[in-house]
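A.B. asks: After the structure tokens below, expect a handful of questions from me.
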Amino acid sequence: MLLSQLRNTAWEVEDEVGIGASAIVDLMKSKLGFGDAPTLPEGTDENQLVLKFVPKFLVNVMKGYNQFLQQMPKILKSIRSQAPDAQVVVLGIFNPLHYSLSLTDGKLPVSLGEMIDGVMLPVNLAMAADAALYGCTYVDVVDVKTDGSMHPDNGGYEDIADRIEKKLRAKTTCKDIRILSNENQAAVRWGEMTENFPGLSEKYFSPATFVTRAQMVQALYSMQGN
């Protein structure tokens with residue numbers, strides 16, 4: 001999705017910046033370490049080009065993910081209707097730019113990878129919530145390392161497999177949540193699967209217990225991907 005949105009944004013801004021879309025894509029990829037820098041017209045201010053490009057790119061990425069999130073519950077509902085007892089694993093979306101450097105030689109306070117992490121956080125949280133609602137296992141992979149292009153390297157794929165295995169071997173949902181409504185039980189399963197609210201032990205979630213300040217701070221910290 002990110003590569004297609006990269007191209008779409010380049011087509012959108014090529015007239016504005018006076019440079020062809022293919023050259024813009026090559027420039028952005030080179031800034032991220034995914035290729036060689038293209039030859040640009042003399043006098044081109046690359047940093048200014050990037051600063052024009054990035055906000056539009058992030059908007060387009062969010063539009064794409066919003067369309068995806070509208071379809072995801074329908075997909076999971078269909079799977080559950082056909083295979084109600086199946087073990088279904090939902091992988092979060094990984095960010096191939098997670099470890100990217102600054103595109104503008106430090107003139108932006110954060111890297112593009114960090115910006116996209118900020119976009120992906122609510123997307124992945126929504127996916128985890130949908131997974132919990134339909135009794136699926138959600139696995140977060142936002143920070144998997146890539147091979148220098150836009151895909152995980154061998155170690156990244158091994159990491160994904162390890163994370164899936166760990167989740168499938170994890171504890172089952174605590175029995176004491178049966179007193180809760182179905183909606184709140186789904187919320188508890190989401191908390192467990194994302195490890196943001198893992199409960200008090202392997203057997204007890206203790207839904208009637210007050211949340212401490214320390215637990216809330218830890219949950220918010222976890223939700224930031226830490």
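Residue numbers start at 1 in each chain; chains themselves are named A, B, ... in the order of the structure tokens; ligands are numbered from 1 in the order shown.
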Identify, on the basis of only C-alpha atoms, every residue whose closest approach to Ile93 of chain A does not exceed 8 Å; exclude the query and any residue fewer than 4 positions from it along the same chain; express the result as a list in words.

C.D. replies: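 Near neighbours after the sequence-gap exclusion: Met120, Asn124, Asp140, Val141 and Val142 of chain A.
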
A.B. asks: So which residues touch segment 145-147 of chain A within 10 Å, counting only C-alpha atoms, skipping near sequence neighbours fewer than 4 positions away, as a PyMOL selection string?

C.D. replies: chain A and resi 34+94-99+141+151-157+159-160

A.B. asks: Compile the contact shell of segment 19-25 of chain A as a ChimeraX atom specification: residues with an atom at most 9 Å away, counting only C-alpha atoms, same-chain residues fewer than 5 positions apart removed.

C.D. replies: /A:6-14,30,37-41,49-50,53

A.B. asks: Would you mind listing what lies within 10 Å of Gln215 of chain A as a list in words, with only C-alpha atoms counted and same-chain residues fewer than 5 positions away left out?

C.D. replies: Asn196, Phe197, Phe210, Leu220 and Tyr221 of chain A

A.B. asks: Could you tell me how far atom CA of Ala131 of chain A sits from atom CA of Ala161 of chain A, in Å to one decimal place?

C.D. replies: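 Going from atom CA of Ala161 of chain A over to atom CA of Ala131 of chain A covers 18.2 Å.
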
A.B. asks: Write out as an mmCIF file with N, CA and C atoms, in the first residue's frame the residues lying within 10 Å of Ser4 of chain A, counting only C-alpha atoms and excluding same-chain residues fewer than 6 positions away.

C.D. replies:
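So around02.cif came out as:
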```
data_model
loop_
_atom_site.group_PDB
_atom_site.id
_atom_site.type_symbol
_atom_site.label_atom_id
_atom_site.label_comp_id
_atom_site.auth_asym_id
_atom_site.auth_seq_id
_atom_site.Cartn_x
_atom_site.Cartn_y
_atom_site.Cartn_z
ATOM 1 N N ALA A 10 3.120 11.183 -5.946
ATOM 2 C CA ALA A 10 4.046 11.763 -6.932
ATOM 3 C C ALA A 10 3.279 12.291 -8.142
ATOM 4 N N ASN A 60 -2.814 10.598 1.911
ATOM 5 C CA ASN A 60 -3.189 9.518 1.001
ATOM 6 C C ASN A 60 -3.070 8.153 1.666
ATOM 7 N N VAL A 61 -2.045 7.981 2.491
ATOM 8 C CA VAL A 61 -1.889 6.720 3.219
ATOM 9 C C VAL A 61 -3.082 6.497 4.137
ATOM 10 N N GLY A 64 -6.174 5.404 2.264
ATOM 11 C CA GLY A 64 -6.105 3.996 1.888
ATOM 12 C C GLY A 64 -6.423 3.077 3.051
#
```

A.B. asks: Can you list, as a ChimeraX atom specification, every protein, DNA or RNA residue that comes within 10 Å of Val90 of chain A when you count only C-alpha atoms, leaving out same-chain residues fewer than 6 positions away?

C.D. replies: /A:76,127-128,130-132,136-140,164
